[in-house]
$ cat final_38.txt   # compact mmCIF, C-alpha atoms and all ligand atoms
# COMPACT_ATOMS: atom_id res chain seq x y z
CA MET A 1 -6.90 -43.98 -72.44
CA THR A 2 -4.48 -45.52 -74.94
CA LEU A 3 -1.23 -47.27 -74.18
CA ASP A 4 0.63 -44.46 -75.97
CA GLU A 5 -0.94 -41.87 -73.70
CA ILE A 6 0.07 -43.94 -70.69
CA LYS A 7 3.65 -44.26 -71.95
CA ALA A 8 3.74 -40.48 -72.41
CA LEU A 9 2.92 -40.06 -68.71
CA ASP A 10 5.94 -42.20 -67.85
CA ALA A 11 8.18 -40.24 -70.20
CA ALA A 12 7.21 -37.02 -68.42
CA ASP A 13 7.46 -38.50 -64.91
CA PRO A 14 9.94 -36.56 -62.71
CA LEU A 15 10.64 -39.82 -60.80
CA ARG A 16 11.39 -41.94 -63.90
CA GLN A 17 15.09 -42.11 -63.03
CA THR A 18 14.63 -43.28 -59.44
CA ARG A 19 13.33 -46.57 -60.81
CA GLU A 20 16.88 -47.26 -62.03
CA VAL A 21 18.11 -47.29 -58.44
CA PHE A 22 16.15 -50.49 -57.78
CA SER A 23 16.75 -54.07 -58.81
CA LEU A 24 13.46 -55.19 -60.37
CA PRO A 25 13.12 -58.74 -61.70
CA ASP A 26 12.27 -59.14 -65.38
CA GLY A 27 8.73 -60.16 -66.21
CA VAL A 28 7.31 -58.95 -62.91
CA THR A 29 4.88 -56.10 -62.36
CA TYR A 30 5.32 -55.47 -58.66
CA LEU A 31 2.39 -53.83 -56.89
CA ASP A 32 3.16 -55.04 -53.39
CA GLY A 33 5.77 -52.54 -52.19
CA ASN A 34 3.31 -51.66 -49.43
CA SER A 35 3.96 -55.12 -47.97
CA LEU A 36 7.61 -55.74 -48.89
CA GLY A 37 9.56 -53.03 -50.69
CA VAL A 38 11.94 -54.03 -53.51
CA LEU A 39 15.70 -54.46 -53.34
CA PRO A 40 17.77 -51.32 -53.97
CA LYS A 41 20.73 -52.03 -56.30
CA ALA A 42 23.16 -50.66 -53.69
CA THR A 43 22.01 -53.00 -50.90
CA PRO A 44 24.04 -56.13 -51.80
CA ASP A 45 27.35 -54.20 -51.87
CA ALA A 46 26.53 -52.41 -48.64
CA MET A 47 25.67 -55.73 -46.99
CA ASN A 48 28.80 -57.30 -48.41
CA ASP A 49 30.92 -54.55 -46.85
CA MET A 50 29.00 -54.87 -43.61
CA VAL A 51 29.52 -58.61 -43.39
CA HIS A 52 33.04 -59.04 -44.77
CA ARG A 53 34.81 -55.89 -43.62
CA GLN A 54 32.86 -54.43 -40.72
CA TRP A 55 31.87 -57.70 -39.06
CA GLY A 56 34.47 -60.05 -40.54
CA LYS A 57 37.62 -57.94 -40.09
CA ASP A 58 36.86 -54.99 -37.81
CA LEU A 59 34.82 -57.16 -35.47
CA ILE A 60 33.81 -55.60 -32.17
CA ARG A 61 35.79 -52.44 -32.90
CA SER A 62 33.05 -51.60 -35.42
CA TRP A 63 30.71 -50.42 -32.66
CA ASN A 64 33.00 -47.38 -32.56
CA SER A 65 34.99 -47.34 -35.78
CA ASN A 66 32.01 -48.00 -38.07
CA ASP A 67 29.62 -46.12 -35.77
CA TRP A 68 27.30 -49.08 -35.26
CA ILE A 69 26.36 -47.71 -31.85
CA ASN A 70 24.68 -44.62 -33.35
CA ALA A 71 22.78 -46.46 -36.10
CA PRO A 72 19.37 -46.22 -34.34
CA ARG A 73 19.67 -42.42 -33.96
CA ARG A 74 21.30 -41.80 -37.35
CA LEU A 75 18.64 -43.80 -39.21
CA GLY A 76 15.97 -42.33 -36.95
CA ASP A 77 16.82 -38.81 -38.08
CA LYS A 78 16.74 -39.89 -41.73
CA ILE A 79 13.26 -41.34 -41.17
CA GLY A 80 12.32 -38.15 -39.29
CA LYS A 81 12.88 -36.11 -42.45
CA LEU A 82 10.22 -38.19 -44.22
CA ILE A 83 7.61 -37.86 -41.51
CA GLY A 84 7.98 -34.23 -40.49
CA ALA A 85 9.96 -34.84 -37.30
CA ALA A 86 12.82 -32.54 -36.27
CA PRO A 87 16.04 -34.40 -35.31
CA GLY A 88 16.25 -36.19 -31.98
CA GLN A 89 12.69 -37.54 -31.94
CA VAL A 90 12.92 -40.80 -33.91
CA VAL A 91 14.97 -43.97 -33.48
CA ALA A 92 15.11 -47.03 -35.72
CA ALA A 93 14.61 -50.01 -33.45
CA ASP A 94 12.83 -53.29 -32.82
CA SER A 95 9.64 -54.21 -34.68
CA THR A 96 6.56 -52.08 -35.19
CA SER A 97 4.67 -54.31 -32.76
CA VAL A 98 7.23 -53.74 -30.01
CA ASN A 99 7.27 -50.01 -30.69
CA VAL A 100 3.46 -49.93 -30.45
CA PHE A 101 3.84 -51.38 -26.96
CA LYS A 102 6.44 -48.78 -26.01
CA ALA A 103 4.23 -45.94 -27.25
CA LEU A 104 1.06 -47.26 -25.60
CA SER A 105 2.76 -47.78 -22.26
CA ALA A 106 4.39 -44.33 -22.40
CA ALA A 107 1.11 -42.63 -23.31
CA SER A 108 -0.82 -44.40 -20.57
CA GLN A 109 1.83 -43.34 -18.06
CA LEU A 110 1.68 -39.70 -19.16
CA ASN A 111 -2.11 -39.86 -18.96
CA SER A 112 -2.38 -41.91 -15.80
CA GLY A 113 -5.75 -40.45 -14.78
CA LYS A 114 -7.42 -42.14 -17.75
CA SER A 115 -7.84 -45.81 -18.45
CA VAL A 116 -8.95 -46.50 -22.03
CA LEU A 117 -6.70 -47.51 -24.92
CA LEU A 118 -8.80 -46.79 -28.00
CA SER A 119 -8.58 -47.93 -31.59
CA GLU A 120 -10.89 -48.78 -34.47
CA ASN A 121 -12.42 -52.10 -35.45
CA GLY A 122 -10.52 -53.56 -38.35
CA ASN A 123 -7.21 -51.85 -37.54
CA PHE A 124 -4.09 -53.89 -38.29
CA PRO A 125 -4.38 -56.73 -35.75
CA THR A 126 -1.03 -56.28 -34.02
CA ASP A 127 -2.06 -52.80 -32.86
CA ALA A 128 -5.18 -54.15 -31.16
CA TYR A 129 -3.35 -57.19 -29.79
CA MET A 130 -0.69 -54.99 -28.21
CA MET A 131 -3.42 -52.94 -26.53
CA GLU A 132 -4.82 -56.15 -25.03
CA GLY A 133 -1.36 -57.22 -23.87
CA LEU A 134 -0.66 -53.92 -22.15
CA ALA A 135 -4.13 -53.89 -20.54
CA SER A 136 -3.39 -57.30 -19.10
CA ALA A 137 0.14 -56.31 -17.99
CA SER A 138 -1.39 -53.30 -16.20
CA GLY A 139 -3.41 -55.67 -14.01
CA ASN A 140 -6.45 -54.41 -15.91
CA ARG A 141 -6.07 -50.81 -14.79
CA LEU A 142 -6.13 -50.13 -18.53
CA HIS A 143 -8.84 -51.32 -20.92
CA ALA A 144 -8.52 -51.92 -24.62
CA GLU A 145 -11.50 -50.80 -26.66
CA LEU A 146 -12.24 -50.94 -30.38
CA VAL A 147 -15.08 -48.96 -31.91
CA GLU A 148 -16.30 -48.40 -35.47
CA ARG A 149 -14.23 -45.93 -37.46
CA GLY A 150 -17.12 -43.48 -37.62
CA HIS A 151 -17.52 -43.50 -33.82
CA ILE A 152 -13.92 -42.73 -32.83
CA LEU A 153 -14.37 -38.99 -32.38
CA ALA A 154 -17.58 -39.38 -30.39
CA ARG A 155 -15.98 -42.01 -28.19
CA LEU A 156 -13.11 -39.62 -27.40
CA ASP A 157 -15.56 -37.07 -26.08
CA ARG A 158 -16.42 -39.27 -23.10
CA GLY A 159 -13.11 -38.07 -21.67
CA ASP A 160 -11.68 -41.37 -20.35
CA VAL A 161 -9.31 -42.19 -23.24
CA ALA A 162 -5.64 -42.24 -22.28
CA ALA A 163 -4.31 -43.14 -25.72
CA LEU A 164 -5.82 -43.23 -29.19
CA LEU A 165 -3.95 -45.55 -31.55
CA LEU A 166 -4.78 -45.23 -35.24
CA THR A 167 -3.14 -46.35 -38.45
CA GLN A 168 -3.02 -43.21 -40.55
CA THR A 169 -3.38 -45.09 -43.85
CA HIS A 170 -5.66 -48.09 -43.37
CA TYR A 171 -3.83 -51.28 -44.37
CA LYS A 172 -6.81 -52.84 -46.13
CA THR A 173 -8.63 -49.93 -47.73
CA GLY A 174 -5.96 -47.25 -47.91
CA ALA A 175 -8.40 -44.79 -46.28
CA LEU A 176 -6.56 -41.86 -44.68
CA TRP A 177 -7.21 -40.24 -41.34
CA ASP A 178 -6.78 -36.47 -41.21
CA MET A 179 -3.85 -36.42 -38.81
CA ALA A 180 -4.03 -32.71 -37.90
CA ASP A 181 -7.75 -32.76 -37.24
CA VAL A 182 -7.90 -36.04 -35.29
CA THR A 183 -4.88 -35.08 -33.18
CA ARG A 184 -6.50 -31.77 -32.30
CA ARG A 185 -9.82 -33.44 -31.41
CA ALA A 186 -8.06 -36.06 -29.29
CA HIS A 187 -6.06 -33.46 -27.40
CA ALA A 188 -9.20 -31.45 -26.76
CA ALA A 189 -10.67 -34.60 -25.16
CA GLY A 190 -7.55 -35.12 -23.06
CA ALA A 191 -6.22 -38.13 -25.03
CA LEU A 192 -2.73 -38.66 -26.41
CA VAL A 193 -2.38 -39.92 -29.98
CA ILE A 194 -0.20 -42.67 -31.42
CA TRP A 195 -0.03 -42.78 -35.20
CA ASP A 196 0.91 -46.05 -36.88
CA LEU A 197 2.64 -44.91 -40.07
CA SER A 198 3.34 -48.36 -41.52
CA HIS A 199 1.52 -47.47 -44.75
CA SER A 200 2.40 -43.77 -44.68
CA ALA A 201 6.16 -43.42 -44.15
CA GLY A 202 7.75 -43.11 -47.57
CA ALA A 203 4.33 -43.20 -49.24
CA LEU A 204 3.09 -39.67 -48.61
CA PRO A 205 4.15 -36.47 -46.83
CA VAL A 206 3.59 -36.71 -43.07
CA GLU A 207 3.86 -33.75 -40.68
CA LEU A 208 4.13 -35.16 -37.17
CA ASP A 209 5.60 -32.05 -35.53
CA ALA A 210 3.23 -29.66 -37.29
CA CYS A 211 0.25 -31.82 -36.28
CA LYS A 212 1.51 -31.89 -32.65
CA ALA A 213 1.41 -35.69 -32.69
CA ASP A 214 2.49 -37.37 -29.47
CA PHE A 215 3.87 -40.70 -30.69
CA ALA A 216 4.26 -42.57 -33.96
CA VAL A 217 5.57 -45.93 -35.09
CA GLY A 218 6.08 -47.60 -38.46
CA CYS A 219 7.72 -50.24 -40.59
CA GLY A 220 11.10 -50.27 -42.33
CA TYR A 221 10.32 -53.03 -44.82
CA LYS A 222 7.35 -51.53 -46.69
CA TYR A 223 7.70 -48.20 -48.52
CA LEU A 224 11.16 -47.62 -47.00
CA ASN A 225 12.64 -50.64 -48.82
CA GLY A 226 14.70 -51.81 -45.85
CA GLY A 227 14.33 -55.55 -46.55
CA PRO A 228 12.30 -58.34 -44.95
CA GLY A 229 11.89 -57.79 -41.21
CA ALA A 230 13.85 -54.51 -41.33
CA PRO A 231 14.06 -52.48 -38.10
CA ALA A 232 10.97 -50.39 -37.41
CA PHE A 233 10.88 -46.89 -35.90
CA ILE A 234 9.36 -44.94 -33.04
CA TYR A 235 8.75 -41.19 -32.79
CA VAL A 236 8.27 -39.54 -29.41
CA ALA A 237 7.56 -35.79 -29.41
CA GLN A 238 10.36 -33.96 -27.66
CA ARG A 239 8.00 -32.53 -25.03
CA HIS A 240 7.18 -36.04 -23.76
CA GLN A 241 10.58 -37.70 -23.88
CA GLY A 242 11.85 -36.68 -20.45
CA GLN A 243 8.54 -37.48 -18.74
CA VAL A 244 8.43 -41.21 -19.43
CA MET A 245 9.89 -44.12 -17.50
CA PRO A 246 10.11 -46.69 -20.32
CA ALA A 247 8.25 -49.96 -19.72
CA LEU A 248 10.86 -51.75 -21.83
CA SER A 249 13.79 -50.35 -19.86
CA GLY A 250 16.62 -52.20 -21.57
CA TRP A 251 20.27 -51.36 -21.20
CA MET A 252 20.59 -49.68 -24.60
CA GLY A 253 18.15 -47.04 -23.37
CA HIS A 254 20.19 -46.38 -20.24
CA ALA A 255 21.89 -42.99 -19.87
CA ALA A 256 25.29 -44.75 -19.78
CA PRO A 257 25.01 -48.35 -21.02
CA PHE A 258 28.72 -48.96 -20.62
CA ALA A 259 28.76 -47.82 -17.01
CA PHE A 260 27.06 -51.15 -16.26
CA ASP A 261 25.21 -49.66 -13.28
CA ASP A 262 22.91 -51.83 -11.18
CA GLN A 263 20.17 -49.21 -11.38
CA TYR A 264 18.33 -48.04 -14.46
CA ASP A 265 18.84 -44.38 -15.28
CA ALA A 266 16.74 -43.50 -18.34
CA GLY A 267 18.73 -42.15 -21.28
CA ARG A 268 18.40 -38.55 -22.38
CA GLY A 269 15.90 -37.62 -25.06
CA ILE A 270 14.78 -40.25 -27.53
CA ASP A 271 17.57 -42.62 -26.40
CA ARG A 272 15.44 -44.04 -23.62
CA PHE A 273 13.12 -45.58 -26.21
CA LEU A 274 15.86 -47.99 -27.22
CA CYS A 275 15.80 -51.37 -25.55
CA GLY A 276 18.37 -54.04 -26.51
CA THR A 277 21.31 -54.35 -28.91
CA PRO A 278 20.29 -53.12 -32.38
CA GLY A 279 20.26 -55.55 -35.31
CA ILE A 280 23.12 -54.01 -37.25
CA LEU A 281 22.77 -56.17 -40.39
CA GLY A 282 19.16 -55.03 -40.72
CA MET A 283 20.15 -51.41 -40.03
CA CYS A 284 22.65 -51.61 -42.89
CA ALA A 285 20.00 -52.61 -45.44
CA LEU A 286 17.49 -50.12 -44.08
CA GLU A 287 19.96 -47.24 -44.34
CA VAL A 288 20.41 -47.90 -48.07
CA GLY A 289 16.64 -47.69 -48.51
CA LEU A 290 16.47 -44.45 -46.51
CA ASP A 291 19.33 -42.81 -48.38
CA ILE A 292 17.39 -43.12 -51.63
CA PHE A 293 14.70 -40.89 -50.12
CA GLN A 294 17.09 -38.16 -49.02
CA GLU A 295 17.05 -36.72 -52.59
CA VAL A 296 13.33 -37.23 -53.16
CA ASP A 297 10.59 -34.61 -52.76
CA MET A 298 7.64 -36.27 -50.98
CA ALA A 299 5.20 -33.84 -52.64
CA VAL A 300 6.28 -35.25 -56.02
CA VAL A 301 5.88 -38.80 -54.68
CA ARG A 302 2.38 -37.98 -53.47
CA LYS A 303 1.27 -36.45 -56.75
CA LYS A 304 2.44 -39.47 -58.75
CA SER A 305 0.92 -41.87 -56.24
CA GLN A 306 -2.47 -40.19 -56.63
CA GLN A 307 -2.19 -40.31 -60.42
CA LEU A 308 -1.33 -44.01 -60.37
CA GLY A 309 -4.26 -44.78 -58.07
CA ASP A 310 -6.71 -42.74 -60.12
CA LEU A 311 -5.50 -44.44 -63.31
CA PHE A 312 -5.92 -47.88 -61.77
CA ILE A 313 -9.49 -47.16 -60.65
CA ARG A 314 -10.40 -45.77 -64.06
CA LEU A 315 -8.93 -48.73 -65.97
CA VAL A 316 -10.50 -51.34 -63.65
CA GLU A 317 -13.90 -49.70 -64.06
CA ASP A 318 -13.53 -49.38 -67.84
CA HIS A 319 -12.20 -52.89 -68.52
CA THR A 320 -13.57 -55.25 -65.86
CA SER A 321 -16.81 -55.91 -64.03
CA GLY A 322 -17.72 -57.62 -60.76
CA PHE A 323 -15.28 -55.68 -58.56
CA GLU A 324 -16.29 -53.21 -55.91
CA LEU A 325 -13.97 -50.34 -55.00
CA ALA A 326 -12.91 -50.72 -51.35
CA SER A 327 -10.72 -47.59 -51.23
CA PRO A 328 -11.81 -43.96 -51.19
CA ARG A 329 -12.35 -42.71 -54.73
CA ASP A 330 -11.08 -39.26 -53.76
CA ALA A 331 -7.27 -39.44 -54.01
CA GLU A 332 -6.95 -36.87 -51.20
CA ARG A 333 -8.52 -39.35 -48.81
CA ARG A 334 -6.50 -42.35 -49.97
CA GLY A 335 -2.96 -43.54 -49.23
CA SER A 336 -0.77 -45.10 -51.91
CA GLN A 337 -2.82 -48.22 -52.59
CA VAL A 338 -6.12 -49.17 -54.18
CA SER A 339 -8.14 -52.13 -52.93
CA ILE A 340 -10.99 -53.81 -54.73
CA ARG A 341 -13.38 -56.43 -53.42
CA HIS A 342 -14.42 -59.70 -55.00
CA LYS A 343 -15.70 -62.81 -53.23
CA ASP A 344 -13.20 -64.92 -55.20
CA GLY A 345 -10.41 -62.45 -54.56
CA TYR A 346 -7.93 -65.03 -53.33
CA ALA A 347 -8.04 -67.17 -56.49
CA ILE A 348 -8.04 -64.10 -58.73
CA MET A 349 -4.93 -62.75 -57.01
CA GLN A 350 -3.18 -66.14 -57.33
CA ALA A 351 -3.92 -66.17 -61.05
CA LEU A 352 -2.54 -62.63 -61.36
CA ILE A 353 0.62 -63.54 -59.46
CA GLU A 354 1.21 -66.51 -61.74
CA ARG A 355 1.15 -64.06 -64.63
CA GLY A 356 3.76 -61.89 -62.94
CA VAL A 357 1.44 -59.21 -61.55
CA ILE A 358 2.12 -59.22 -57.83
CA GLY A 359 -0.36 -57.65 -55.46
CA ASP A 360 -1.78 -59.34 -52.38
CA PHE A 361 -4.98 -60.57 -50.79
CA ARG A 362 -6.41 -59.68 -47.39
CA ALA A 363 -9.22 -61.81 -46.03
CA PRO A 364 -12.08 -62.05 -46.59
CA ASP A 365 -12.37 -60.43 -50.02
CA ILE A 366 -9.80 -57.67 -50.61
CA LEU A 367 -7.37 -57.54 -53.54
CA ARG A 368 -4.72 -54.98 -52.68
CA PHE A 369 -2.57 -53.10 -55.17
CA GLY A 370 0.19 -50.90 -53.80
CA PHE A 371 1.72 -48.08 -55.82
CA THR A 372 5.26 -47.13 -54.94
CA PRO A 373 6.03 -44.03 -56.99
CA LEU A 374 9.80 -44.45 -56.75
CA TYR A 375 9.59 -47.45 -59.08
CA THR A 376 5.97 -48.05 -60.19
CA ARG A 377 5.24 -46.75 -63.70
CA HIS A 378 1.91 -45.89 -65.28
CA VAL A 379 2.52 -48.70 -67.74
CA ASP A 380 2.70 -51.14 -64.82
CA VAL A 381 -0.82 -50.11 -63.86
CA TRP A 382 -1.90 -50.70 -67.43
CA THR A 383 -0.26 -54.16 -67.49
CA ALA A 384 -1.88 -55.13 -64.19
CA VAL A 385 -5.37 -54.19 -65.34
CA SER A 386 -4.90 -55.85 -68.76
CA GLU A 387 -3.98 -59.12 -67.06
CA LEU A 388 -6.82 -58.76 -64.57
CA ALA A 389 -9.31 -58.18 -67.38
CA ASP A 390 -7.99 -61.20 -69.28
CA ILE A 391 -8.19 -63.45 -66.20
CA MET A 392 -11.80 -62.40 -65.64
CA ASN A 393 -12.89 -62.65 -69.29
CA SER A 394 -11.30 -66.08 -69.75
CA ASN A 395 -12.35 -67.36 -66.31
CA ALA A 396 -8.71 -68.46 -65.90
CA TRP A 397 -8.97 -67.82 -62.15
CA GLN A 398 -11.43 -70.71 -61.78
CA ASP A 399 -8.66 -73.30 -62.16
CA GLU A 400 -8.74 -75.15 -58.85
CA LYS A 401 -5.00 -74.77 -58.27
CA TYR A 402 -5.64 -71.08 -57.49
CA ALA A 403 -7.96 -71.95 -54.58
CA VAL A 404 -5.20 -73.60 -52.49
CA ARG A 405 -4.28 -71.23 -49.64
CA ALA A 406 -0.62 -70.67 -48.78
CA ALA A 407 0.50 -69.71 -45.25
CA VAL A 408 1.19 -66.11 -46.28
CA THR A 409 -1.36 -64.41 -48.50
C1 LIG B 501 2.71 -54.02 -41.49
C2 LIG B 501 2.10 -53.42 -40.27
C3 LIG B 501 2.60 -53.69 -39.00
C4 LIG B 501 3.70 -54.71 -38.86
O1 LIG B 501 4.15 -54.92 -37.58
P1 LIG B 501 5.39 -55.88 -37.37
O2 LIG B 501 5.70 -55.79 -35.94
O3 LIG B 501 6.49 -55.40 -38.28
O4 LIG B 501 5.01 -57.26 -37.81
C5 LIG B 501 2.07 -53.01 -37.92
N1 LIG B 501 1.04 -52.13 -38.09
C6 LIG B 501 0.52 -51.88 -39.31
C7 LIG B 501 -0.58 -50.90 -39.46
C8 LIG B 501 1.02 -52.53 -40.43
O5 LIG B 501 0.49 -52.29 -41.62
$ encode --input "final_38.txt" --output "structure tokens"
Amino acid sequence: MTLDEIKALDAADPLRQTREVFSLPDGVTYLDGNSLGVLPKATPDAMNDMVHRQWGKDLIRSWNSNDWINAPRRLGDKIGKLIGAAPGQVVAADSTSVNVFKALSAASQLNSGKSVLLSENGNFPTDAYMMEGLASASGNRLHAELVERGHILARLDRGDVAALLLTQTHYKTGALWDMADVTRRAHAAGALVIWDLSHSAGALPVELDACKADFAVGCGYKYLNGGPGAPAFIYVAQRHQGQVMPALSGWMGHAAPFAFDDQYDAGRGIDRFLCGTPGILGMCALEVGLDIFQEVDMAVVRKKSQQLGDLFIRLVEDHTSGFELASPRDAERRGSQVSIRHKDGYAIMQALIERGVIGDFRAPDILRFGFTPLYTRHVDVWTAVSELADIMNSNAWQDEKYAVRAAVT
């Protein structure tokens, strides 16, 4: 494929104008929006208004006058549109880790006759760690168990799984679970399902309601472009909401927080999955990111994402050697990233970053490239692979400065 052909793909791209909504630094090819999304151009002004007017002048009145108090529900419904959830089932709140805990504890309560919290080996660590924490908090009534990806369905059939927690798009390989099929199989085995959508929300169409999912959680700072440490979200299917006594029964989830009752009375609907005072500054930035999506067709995002991934694989295979594809080759079975393996992956990624091509590295040997169709162009894929090929051909990555590990990879 020639550079002209690649530029023609960008010229015909229905999302070419959405790129203009983002503030992208010159000289950078950013392929890490799956780890930290970029800054929308509207965010600084929105934050400025939030800080100077809403906080600075309106002060505590803003909880009412600027509707701070409803931010978790308002943003939750905007996220719901992206993940196939009817209104009233999602709130923006806390971190993904905390929301994993809320979902696991709720599921194990609803399924109190069963004792296993199940996930796969190699899932994002916080998911497994939260399972261990809840098992311990339960006085070991519950047991955390990880099995190989290929054994999940068979393990369910033993009938003792209370909750199955899976990341729909695997963070390292981008491999996708079939949400409808796995949810159906889990329900048939009497398990409830929690979907971690950290690498799915804003990356591909998700149909939680249609799949009859029970719970879901996900990040605000990846594909949703909500800024570093943005509020996360939790989805609880309407049919379950009234049945759960929240383990994290904070006052913001109370039916009447400003009644200041001595006793906890769980809030109605999704409200009871709130815990403490929401981080309003973070909500402000996240809402700007979410509003960009309100005009975007996720089917168009998906199609472009698959094209970008396919193009990357093809160019890497045509122009480099020594890498092994770690992601599914079939775009239907892949999220919005492509990962390749190399034993010197860390140094190679450092050399790429120094040349302005930003992806990331996941131990022990994965180079990860995220494609965010709202602002990634086909020409960015071409640039990334050209630099990668040059680094490999010139052995530039062997410079010892690239072997020094930073705290965050
Ligand atoms: C990024 C990510 C998280 C992050 O959790 P935090 O609580 O925001 O640190 C959780 N799960 C998965 C699958 C992720 O990819």
$ residues_around --input "final_38.txt" --residues "range 183-195 of chain A" --least-positions-apart "6" --cutoff "9 Å" --atoms "all atoms listed in the file" --output "ChimeraX atom specification"
/A:100,103-104,107-108,110-111,114,153,156-168,208,211-218
$ residues_near_ligand --input "final_38.txt" --ligand "ligand LIG 501 (chain B)" --cutoff "9 Å" --atoms "all atoms listed in the file" --output "VMD selection string"
chain A and resid 34 to 35 94 to 100 123 to 127 166 to 172 196 to 199 217 to 222 229 to 232
$ write_last_selection --input "final_38.txt" --atoms "C-alpha atoms" --output "short mmCIF file (atom, residue, chain, number, x, y, z; two decimals), in the coordinates of the input"
data_model
loop_
_atom_site.label_atom_id
_atom_site.label_comp_id
_atom_site.auth_asym_id
_atom_site.auth_seq_id
_atom_site.Cartn_x
_atom_site.Cartn_y
_atom_site.Cartn_z
CA ASN A 34 3.31 -51.66 -49.43
CA SER A 35 3.96 -55.12 -47.97
CA ASP A 94 12.83 -53.29 -32.82
CA SER A 95 9.64 -54.21 -34.68
CA THR A 96 6.56 -52.08 -35.19
CA SER A 97 4.67 -54.31 -32.76
CA VAL A 98 7.23 -53.74 -30.01
CA ASN A 99 7.27 -50.01 -30.69
CA VAL A 100 3.46 -49.93 -30.45
CA ASN A 123 -7.21 -51.85 -37.54
CA PHE A 124 -4.09 -53.89 -38.29
CA PRO A 125 -4.38 -56.73 -35.75
CA THR A 126 -1.03 -56.28 -34.02
CA ASP A 127 -2.06 -52.80 -32.86
CA LEU A 166 -4.78 -45.23 -35.24
CA THR A 167 -3.14 -46.35 -38.45
CA GLN A 168 -3.02 -43.21 -40.55
CA THR A 169 -3.38 -45.09 -43.85
CA HIS A 170 -5.66 -48.09 -43.37
CA TYR A 171 -3.83 -51.28 -44.37
CA LYS A 172 -6.81 -52.84 -46.13
CA ASP A 196 0.91 -46.05 -36.88
CA LEU A 197 2.64 -44.91 -40.07
CA SER A 198 3.34 -48.36 -41.52
CA HIS A 199 1.52 -47.47 -44.75
CA VAL A 217 5.57 -45.93 -35.09
CA GLY A 218 6.08 -47.60 -38.46
CA CYS A 219 7.72 -50.24 -40.59
CA GLY A 220 11.10 -50.27 -42.33
CA TYR A 221 10.32 -53.03 -44.82
CA LYS A 222 7.35 -51.53 -46.69
CA GLY A 229 11.89 -57.79 -41.21
CA ALA A 230 13.85 -54.51 -41.33
CA PRO A 231 14.06 -52.48 -38.10
CA ALA A 232 10.97 -50.39 -37.41
#
$ closest_residue --input "final_38.txt" --among "A:Arg74, A:Arg149, A:His240, A:Lys7" --to "Gln109 in chain A" --atoms "all atoms listed in the file"
A:His240
$ atom_distance --input "final_38.txt" --atom1 "CA of Glu207 in chain A" --atom2 "CA of Ala175 in chain A"
17.4 Å
$ atom_distance --input "final_38.txt" --atom1 "CA of Ala299 in chain A" --atom2 "CA of Tyr223 in chain A"
15.1 Å
$ atom_distance --input "final_38.txt" --atom1 "CA of Lys304 in chain A" --atom2 "CA of Ala351 in chain A"
27.5 Å
$ closest_residue --input "final_38.txt" --among "A:Asn225, A:Ser336, A:Asn121, A:Asn395" --to "Gly289 in chain A" --atoms "all atoms listed in the file"
A:Asn225
$ residues_near_point --input "final_38.txt" --point "(-13.8, -61.5, -51.3)" --cutoff "9 Å" --atoms "only C-alpha atoms" --output "VMD selection string"
chain A and resid 340 to 346 361 to 367
$ closest_residue --input "final_38.txt" --among "A:Ala255, A:Asp45, A:Trp397, A:Ile280" --to "Leu352 in chain A" --atoms "all atoms listed in the file"
A:Trp397
$ residues_near_point --input "final_38.txt" --point "(16.1, -44.3, -34.8)" --cutoff "6 Å" --atoms "all atoms listed in the file" --output "PyMOL selection string"
chain A and resi 72-73+75-76+90-92+233
$ build_atoms --input "final_38.txt" --residues "range 129-138 of chain A" --atoms "N, CA and C atoms" --output "PDB file, in the coordinates of the input"
ATOM      1  N   TYR A 129      -3.876 -56.146 -30.679  1.00  0.00           N
ATOM      2  CA  TYR A 129      -3.350 -57.190 -29.790  1.00  0.00           C
ATOM      3  C   TYR A 129      -2.414 -56.588 -28.748  1.00  0.00           C
ATOM      4  N   MET A 130      -1.605 -55.624 -29.159  1.00  0.00           N
ATOM      5  CA  MET A 130      -0.690 -54.990 -28.210  1.00  0.00           C
ATOM      6  C   MET A 130      -1.446 -54.208 -27.141  1.00  0.00           C
ATOM      7  N   MET A 131      -2.575 -53.630 -27.524  1.00  0.00           N
ATOM      8  CA  MET A 131      -3.420 -52.940 -26.530  1.00  0.00           C
ATOM      9  C   MET A 131      -3.907 -53.944 -25.500  1.00  0.00           C
ATOM     10  N   GLU A 132      -4.349 -55.118 -25.971  1.00  0.00           N
ATOM     11  CA  GLU A 132      -4.820 -56.150 -25.030  1.00  0.00           C
ATOM     12  C   GLU A 132      -3.700 -56.590 -24.108  1.00  0.00           C
ATOM     13  N   GLY A 133      -2.505 -56.767 -24.666  1.00  0.00           N
ATOM     14  CA  GLY A 133      -1.360 -57.220 -23.870  1.00  0.00           C
ATOM     15  C   GLY A 133      -1.011 -56.217 -22.779  1.00  0.00           C
ATOM     16  N   LEU A 134      -1.003 -54.936 -23.145  1.00  0.00           N
ATOM     17  CA  LEU A 134      -0.660 -53.920 -22.150  1.00  0.00           C
ATOM     18  C   LEU A 134      -1.758 -53.830 -21.090  1.00  0.00           C
ATOM     19  N   ALA A 135      -3.025 -53.935 -21.518  1.00  0.00           N
ATOM     20  CA  ALA A 135      -4.130 -53.890 -20.540  1.00  0.00           C
ATOM     21  C   ALA A 135      -3.938 -55.014 -19.527  1.00  0.00           C
ATOM     22  N   SER A 136      -3.589 -56.177 -20.004  1.00  0.00           N
ATOM     23  CA  SER A 136      -3.390 -57.300 -19.100  1.00  0.00           C
ATOM     24  C   SER A 136      -2.165 -57.080 -18.202  1.00  0.00           C
ATOM     25  N   ALA A 137      -1.067 -56.578 -18.785  1.00  0.00           N
ATOM     26  CA  ALA A 137       0.140 -56.310 -17.990  1.00  0.00           C
ATOM     27  C   ALA A 137      -0.110 -55.234 -16.936  1.00  0.00           C
ATOM     28  N   SER A 138      -1.097 -54.373 -17.167  1.00  0.00           N
ATOM     29  CA  SER A 138      -1.390 -53.300 -16.200  1.00  0.00           C
ATOM     30  C   SER A 138      -2.251 -53.823 -15.055  1.00  0.00           C
TER      31      SER A 138
END
